$ cat start.txt   # compact mmCIF, C-alpha atoms and all ligand atoms
# COMPACT_ATOMS: atom_id res chain seq x y z
CA MET A 1 -6.40 11.05 -7.04
CA LEU A 2 -6.74 7.29 -7.65
CA LYS A 3 -8.36 6.00 -10.80
CA ASN A 4 -11.46 4.23 -9.49
CA ASN A 5 -12.61 1.09 -11.31
CA ASP A 6 -9.23 0.81 -12.94
CA VAL A 7 -5.75 -0.39 -12.11
CA ASN A 8 -3.34 1.91 -10.28
CA ILE A 9 0.34 1.04 -10.27
CA CYS A 10 2.06 2.03 -7.03
CA THR A 11 5.83 2.18 -6.63
CA PRO A 12 7.29 2.14 -3.11
CA ILE A 13 10.20 4.31 -1.95
CA ILE A 14 12.31 2.54 0.66
CA GLY A 15 15.37 4.78 1.13
CA GLN A 16 17.00 4.90 4.56
CA SER A 17 18.34 8.44 4.13
CA ILE A 18 17.42 11.64 2.29
CA GLU A 19 20.06 10.85 -0.32
CA GLU A 20 18.69 7.36 -0.95
CA VAL A 21 15.12 8.63 -1.16
CA LYS A 22 16.16 11.32 -3.65
CA GLU A 23 18.05 8.77 -5.73
CA GLU A 24 15.00 6.51 -5.83
CA LEU A 25 12.76 9.41 -6.81
CA ARG A 26 15.10 10.28 -9.69
CA ALA A 27 14.66 6.72 -10.97
CA ILE A 28 10.93 6.37 -10.26
CA VAL A 29 9.28 9.70 -11.16
CA PRO A 30 10.14 9.51 -14.91
CA LYS A 31 8.42 6.10 -14.98
CA GLU A 32 5.17 7.87 -14.09
CA PRO A 33 3.50 5.43 -11.69
CA ASP A 34 -0.10 6.22 -10.74
CA LEU A 35 0.88 6.36 -7.08
CA LEU A 36 4.03 6.64 -4.97
CA GLU A 37 4.27 4.97 -1.59
CA TRP A 38 6.75 6.32 0.93
CA ARG A 39 7.50 3.33 3.17
CA ALA A 40 8.73 5.50 6.00
CA ASP A 41 9.56 2.52 8.23
CA TYR A 42 12.77 2.23 6.17
CA TYR A 43 13.77 5.83 6.96
CA ARG A 44 16.41 5.85 9.67
CA ASN A 45 15.36 9.20 11.19
CA LEU A 46 11.73 8.22 11.64
CA ALA A 47 11.91 9.12 15.35
CA ASP A 48 12.62 12.76 14.44
CA THR A 49 9.31 14.26 13.31
CA THR A 50 10.95 17.45 12.03
CA GLN A 51 13.16 15.44 9.71
CA VAL A 52 10.28 13.28 8.53
CA LEU A 53 8.24 16.37 7.65
CA ALA A 54 11.27 17.92 5.92
CA LEU A 55 11.77 14.82 3.81
CA LEU A 56 8.09 14.88 2.97
CA GLU A 57 8.64 18.38 1.52
CA THR A 58 11.56 17.08 -0.54
CA ILE A 59 9.43 14.24 -1.89
CA GLY A 60 6.58 16.67 -2.55
CA ASP A 61 8.88 18.96 -4.53
CA VAL A 62 10.03 16.28 -6.97
CA LYS A 63 7.11 13.88 -7.24
CA LYS A 64 5.26 16.16 -9.68
CA ASP A 65 1.53 15.49 -9.50
CA ILE A 66 1.82 11.79 -8.60
CA PRO A 67 -0.33 11.14 -5.51
CA LEU A 68 1.61 10.07 -2.40
CA LEU A 69 0.70 7.25 -0.04
CA PHE A 70 2.33 7.34 3.40
CA THR A 71 2.99 4.02 5.14
CA ILE A 72 4.79 2.99 8.31
CA ARG A 73 4.74 -0.79 8.17
CA ASP A 74 5.02 -2.73 11.42
CA GLN A 75 7.70 -5.43 11.62
CA SER A 76 5.04 -8.07 12.31
CA GLU A 77 3.48 -7.20 8.94
CA GLY A 78 6.65 -7.17 6.89
CA GLY A 79 8.04 -3.75 7.83
CA GLU A 80 11.37 -2.70 9.25
CA PRO A 81 12.20 -2.65 12.98
CA LEU A 82 10.94 0.68 14.38
CA ASP A 83 12.54 2.81 17.07
CA ILE A 84 9.24 4.54 17.87
CA ASP A 85 6.32 3.09 19.83
CA ASP A 86 2.69 2.84 18.67
CA ALA A 87 1.67 6.14 20.29
CA HIS A 88 4.55 8.02 18.63
CA LYS A 89 3.71 6.37 15.32
CA THR A 90 0.10 7.49 15.55
CA GLU A 91 1.09 11.07 16.46
CA LEU A 92 3.47 11.14 13.51
CA ILE A 93 0.76 9.91 11.15
CA GLU A 94 -1.57 12.64 12.45
CA ARG A 95 1.08 15.24 11.55
CA VAL A 96 1.74 13.67 8.17
CA ALA A 97 -1.98 13.50 7.37
CA ALA A 98 -2.10 17.29 7.65
CA ASN A 99 0.61 17.66 4.99
CA SER A 100 -0.62 18.74 1.57
CA HIS A 101 1.74 16.42 -0.35
CA VAL A 102 0.09 13.34 1.13
CA ALA A 103 -3.04 11.91 -0.51
CA LEU A 104 -3.43 8.58 1.28
CA ILE A 105 -2.46 6.90 4.53
CA ASP A 106 -1.96 3.16 5.02
CA PHE A 107 -2.60 1.90 8.55
CA GLU A 108 -2.74 -1.65 9.80
CA ILE A 109 -6.06 -2.99 10.94
CA ARG A 110 -4.41 -4.82 13.88
CA GLN A 111 -3.26 -1.57 15.49
CA PRO A 112 -4.89 -0.64 18.83
CA GLU A 113 -8.51 0.59 18.48
CA GLU A 114 -7.73 4.00 19.95
CA HIS A 115 -4.93 4.59 17.44
CA LEU A 116 -7.12 3.45 14.59
CA ARG A 117 -9.71 5.98 15.70
CA LEU A 118 -7.15 8.80 15.82
CA VAL A 119 -5.77 7.95 12.38
CA ARG A 120 -9.30 7.68 10.97
CA GLU A 121 -10.08 11.14 12.38
CA ALA A 122 -6.87 12.62 11.00
CA ALA A 123 -7.62 11.20 7.55
CA THR A 124 -11.20 12.52 7.60
CA THR A 125 -10.26 15.97 8.90
CA ASN A 126 -7.58 16.38 6.26
CA ASN A 127 -9.56 14.79 3.46
CA LYS A 128 -7.08 11.95 2.91
CA GLY A 129 -7.90 8.43 1.77
CA LEU A 130 -7.40 5.73 4.38
CA ILE A 131 -6.21 2.23 3.48
CA LEU A 132 -6.66 -0.28 6.30
CA SER A 133 -4.39 -3.19 5.61
CA TYR A 134 -3.69 -6.72 6.78
CA HIS A 135 -0.65 -8.82 5.87
CA ASP A 136 -0.10 -12.52 6.34
CA PHE A 137 3.51 -13.47 5.61
CA ASP A 138 2.99 -17.15 6.43
CA SER A 139 -0.14 -18.34 4.72
CA THR A 140 -3.40 -17.61 2.93
CA PRO A 141 -6.24 -17.66 5.48
CA PRO A 142 -9.48 -19.54 4.73
CA SER A 143 -11.67 -17.64 2.27
CA GLU A 144 -14.31 -16.76 4.87
CA GLU A 145 -11.59 -15.28 7.04
CA MET A 146 -10.23 -13.20 4.15
CA LYS A 147 -13.74 -11.87 3.46
CA ALA A 148 -14.14 -11.08 7.17
CA ILE A 149 -10.85 -9.14 7.19
CA LEU A 150 -11.96 -6.98 4.26
CA GLN A 151 -15.34 -6.42 5.93
CA GLU A 152 -13.59 -5.50 9.20
CA ALA A 153 -11.50 -2.91 7.34
CA LYS A 154 -14.69 -1.36 6.02
CA ASP A 155 -16.39 -1.48 9.43
CA LYS A 156 -13.39 0.25 10.99
CA GLY A 157 -13.71 3.15 8.59
CA ALA A 158 -11.41 2.29 5.69
CA ASP A 159 -11.85 4.02 2.35
CA TYR A 160 -9.88 1.11 0.86
CA ALA A 161 -9.63 -2.42 2.29
CA LYS A 162 -6.32 -4.15 1.69
CA LEU A 163 -5.30 -7.76 2.12
CA SER A 164 -1.89 -9.23 1.36
CA VAL A 165 -1.27 -12.95 1.84
CA THR A 166 1.34 -15.63 1.21
CA PRO A 167 0.13 -18.47 -1.00
CA GLU A 168 1.43 -22.00 -0.56
CA SER A 169 -0.36 -23.42 -3.60
CA LYS A 170 -2.09 -22.33 -6.79
CA GLN A 171 -5.39 -23.04 -5.03
CA ASP A 172 -4.51 -20.33 -2.49
CA VAL A 173 -3.92 -17.89 -5.34
CA LEU A 174 -7.28 -18.77 -6.89
CA ARG A 175 -9.03 -18.33 -3.55
CA LEU A 176 -7.53 -14.87 -3.11
CA LEU A 177 -8.66 -13.87 -6.60
CA SER A 178 -12.12 -15.27 -5.98
CA VAL A 179 -12.44 -13.35 -2.68
CA THR A 180 -11.26 -10.23 -4.53
CA GLU A 181 -13.81 -10.64 -7.28
CA GLU A 182 -16.64 -11.09 -4.77
CA ALA A 183 -15.53 -8.26 -2.49
CA GLU A 184 -15.24 -5.87 -5.40
CA ARG A 185 -18.89 -6.56 -6.23
CA THR A 186 -20.29 -6.63 -2.72
CA LEU A 187 -18.15 -4.79 -0.15
CA GLY A 188 -19.06 -1.26 -1.14
CA ILE A 189 -15.51 0.15 -0.90
CA PRO A 190 -12.55 -0.52 -3.21
CA VAL A 191 -10.33 -3.49 -2.38
CA ILE A 192 -6.60 -4.00 -2.81
CA THR A 193 -5.39 -7.59 -2.71
CA ILE A 194 -2.05 -9.25 -3.25
CA ALA A 195 -0.64 -12.75 -3.07
CA MET A 196 3.06 -12.32 -2.34
CA GLY A 197 6.03 -14.30 -3.62
CA GLY A 198 6.59 -16.00 -6.95
CA LEU A 199 3.39 -18.07 -6.72
CA GLY A 200 1.41 -14.87 -6.31
CA THR A 201 3.00 -12.87 -9.13
CA VAL A 202 -0.05 -13.56 -11.28
CA THR A 203 -2.10 -11.48 -8.80
CA ARG A 204 0.24 -8.52 -9.24
CA MET A 205 -0.14 -8.84 -13.01
CA PHE A 206 -3.85 -9.62 -13.26
CA GLY A 207 -5.41 -8.91 -9.85
CA TRP A 208 -6.85 -5.67 -11.22
CA TYR A 209 -8.89 -7.70 -13.71
CA PHE A 210 -10.55 -9.40 -10.72
CA GLY A 211 -11.18 -6.14 -8.90
CA SER A 212 -8.02 -5.10 -7.04
CA LEU A 213 -7.54 -1.33 -7.30
CA ILE A 214 -3.78 -1.07 -6.70
CA THR A 215 -0.84 -3.23 -7.71
CA TYR A 216 2.62 -2.56 -6.27
CA ALA A 217 5.59 -2.61 -8.64
CA VAL A 218 9.30 -1.94 -8.48
CA GLY A 219 10.43 1.48 -9.63
CA GLY A 220 13.68 1.56 -7.67
CA TYR A 221 13.81 -1.30 -5.16
CA PRO A 222 11.18 -3.89 -4.12
CA SER A 223 9.36 -3.54 -0.80
CA ALA A 224 7.79 -7.02 -0.71
CA PRO A 225 8.35 -10.49 -2.16
CA GLY A 226 7.19 -11.04 -5.74
CA GLN A 227 7.02 -7.43 -6.92
CA ILE A 228 8.02 -7.04 -10.56
CA PRO A 229 9.46 -4.02 -12.40
CA ILE A 230 6.93 -1.37 -13.41
CA GLU A 231 7.97 -1.65 -17.06
CA ASP A 232 7.09 -5.37 -17.18
CA LEU A 233 3.84 -4.83 -15.33
CA GLU A 234 2.77 -2.09 -17.73
CA LYS A 235 3.40 -4.36 -20.72
CA THR A 236 1.32 -7.16 -19.18
CA ILE A 237 -1.56 -4.82 -18.43
CA THR A 238 -1.43 -3.36 -21.93
CA HIS A 239 -1.50 -6.83 -23.49
CA LEU A 240 -4.48 -8.04 -21.48
CA ARG A 241 -6.34 -4.78 -22.15
CA LYS A 242 -5.74 -5.16 -25.88
CA TYR A 243 -7.38 -8.59 -26.11
CA GLN A 244 -9.84 -8.75 -23.22
O1 LIG A 301 1.28 -3.29 1.81
C1 LIG A 301 1.90 -3.14 0.79
C2 LIG A 301 1.86 -4.12 -0.28
C3 LIG A 301 3.20 -4.75 -0.39
O2 LIG A 301 3.43 -5.47 0.79
C4 LIG A 301 3.26 -5.75 -1.54
O3 LIG A 301 3.11 -6.95 -1.29
O4 LIG A 301 3.44 -5.33 -2.69
C5 LIG A 301 4.21 -3.65 -0.60
C6 LIG A 301 4.21 -2.62 0.50
O5 LIG A 301 5.12 -1.58 0.22
C7 LIG A 301 2.85 -2.07 0.66
O6 LIG A 301 2.83 -1.21 1.79

$ encode --input "start.txt" --output "structure tokens" --more "lines below"
Ligand SMILES: O=C1C[C@@](O)(C(=O)O)C[C@@H](O)[C@@H]1O
Amino acid sequence: MLKNNDVNICTPIIGQSIEEVKEELRAIVPKEPDLLEWRADYYRNLADTTQVLALLETIGDVKKDIPLLFTIRDQSEGGEPLDIDDAHKTELIERVAANSHVALIDFEIRQPEEHLRLVREAATTNNKGLILSYHDFDSTPPSEEMKAILQEAKDKGADYAKLSVTPESKQDVLRLLSVTEEAERTLGIPVITIAMGGLGTVTRMFGWYFGSLITYAVGGYPSAPGQIPIEDLEKTITHLRKYQ
């Protein structure tokens, strides 16, 4: 599945229709990312579970053996407006978790406890990895708070603890990297961290060196501020590896 103790490049799929998703896959799959993320909040028929599961089959048929991460991102955490409520979202994730094409589920740590429990159970039952994530699109919280968020993800049953923040200074970027480095040594589960936007690009390029397991890159279209094309990211990683 994921390469542990190494960097994994993940490319999001953000199509609104089957055609757009297929077009993105045609562009992305030949680039051989380590992981594909279907950001299903962009899909306009998300309310129709039958269509979601059908599109999952389509993705499964063309993605070759690239592991698939399934994410429905809430609008408050940078996702698209949803026409399903939290209960429907959780039920959908439970169905998706049972699908053999899916390897990992991303769920937000701020979701209601009961839904978190149901998603955790679905991931465990179906042997899928669970990423519990937290996004701050306004700022970079104090370091102690960032550590507490990663710890909370672990306490709530995450297999991977993810934190994505918005830096307002280079000091914020350094703090995120420092928290990453410490968490990677001490938390006991893998961490995924990102500083978004141009200031944070360095974390997308080099965060893995400080202990972040996944970095998100553009294969077709970006899904968050500051993502860079997979080709550029691969070159950067290769260069650092060569001389480190
Ligand atoms: O949570 C994340 C990370 C991300 O927001 C980023 O900043 O690259 C991109 C999203 O697609 C993904 O679900």

$ closest_atom_pairs --input "start.txt" --of "range 47-153 of chain A" --to "range 171-182 of chain A" --cutoff "10 Å" --atoms "only C-alpha atoms" --output "tab-separated table"
residue	atom	partner	partner_atom	distance
A:Ser139	CA	A:Asp172	CA	8.7
A:Thr140	CA	A:Asp172	CA	6.2
A:Pro141	CA	A:Asp172	CA	8.6
A:Pro142	CA	A:Arg175	CA	8.4
A:Ser143	CA	A:Arg175	CA	6.4
A:Glu144	CA	A:Val179	CA	8.5
A:Glu145	CA	A:Val179	CA	9.9
A:Met146	CA	A:Val179	CA	7.2
A:Lys147	CA	A:Val179	CA	6.4
A:Leu150	CA	A:Thr180	CA	9.4

$ residues_near_ligand --input "start.txt" --ligand "ligand LIG 301 (chain A)" --cutoff "9 Å" --atoms "all atoms listed in the file" --output "VMD selection string"
chain A and resid 10 to 14 37 to 39 69 to 73 77 to 79 106 133 to 135 162 to 165 192 to 197 204 215 to 218 222 to 227

$ atom_distance --input "start.txt" --atom1 "CA of Val52 in chain A" --atom2 "CA of Pro30 in chain A"
23.7 Å

$ closest_residue --input "start.txt" --among "A:Met205, A:Ala148, A:Leu92, A:Ile214" --to "Ile131 in chain A" --atoms "all atoms listed in the file"
A:Ile214

$ closest_residue --input "start.txt" --among "A:Glu24, A:Glu32, A:Asp65, A:Asp86" --to "Ala47 in chain A" --atoms "all atoms listed in the file"
A:Asp86

$ residues_near_point --input "start.txt" --point "(-1.3, 8.9, 12.1)" --cutoff "8 Å" --atoms "all atoms listed in the file" --output "MDAnalysis selection string"
chainID A and resid 89:97 105 107 115 118:119 122

$ closest_residue --input "start.txt" --among "A:Glu20, A:Asp74, A:Asp83, A:Asp34" --to "Asn4 in chain A" --atoms "only C-alpha atoms"
A:Asp34

$ atom_distance --input "start.txt" --atom1 "CA of Glu23 in chain A" --atom2 "CA of Ser100 in chain A"
22.4 Å

$ atom_distance --input "start.txt" --atom1 "CA of Gln111 in chain A" --atom2 "CA of Asp136 in chain A"
14.6 Å

$ closest_residue --input "start.txt" --among "A:Leu240, A:Ile189, A:Val29, A:Ile228" --to "Asn5 in chain A" --atoms "all atoms listed in the file"
A:Ile189

$ closest_residue --input "start.txt" --among "A:Lys64, A:Lys156, A:Val191, A:Ala40" --to "Ile28 in chain A" --atoms "all atoms listed in the file"
A:Lys64

$ closest_residue --input "start.txt" --among "A:Asp85, A:Glu80, A:Glu234, A:Glu184" --to "Ile9 in chain A" --atoms "all atoms listed in the file"
A:Glu234
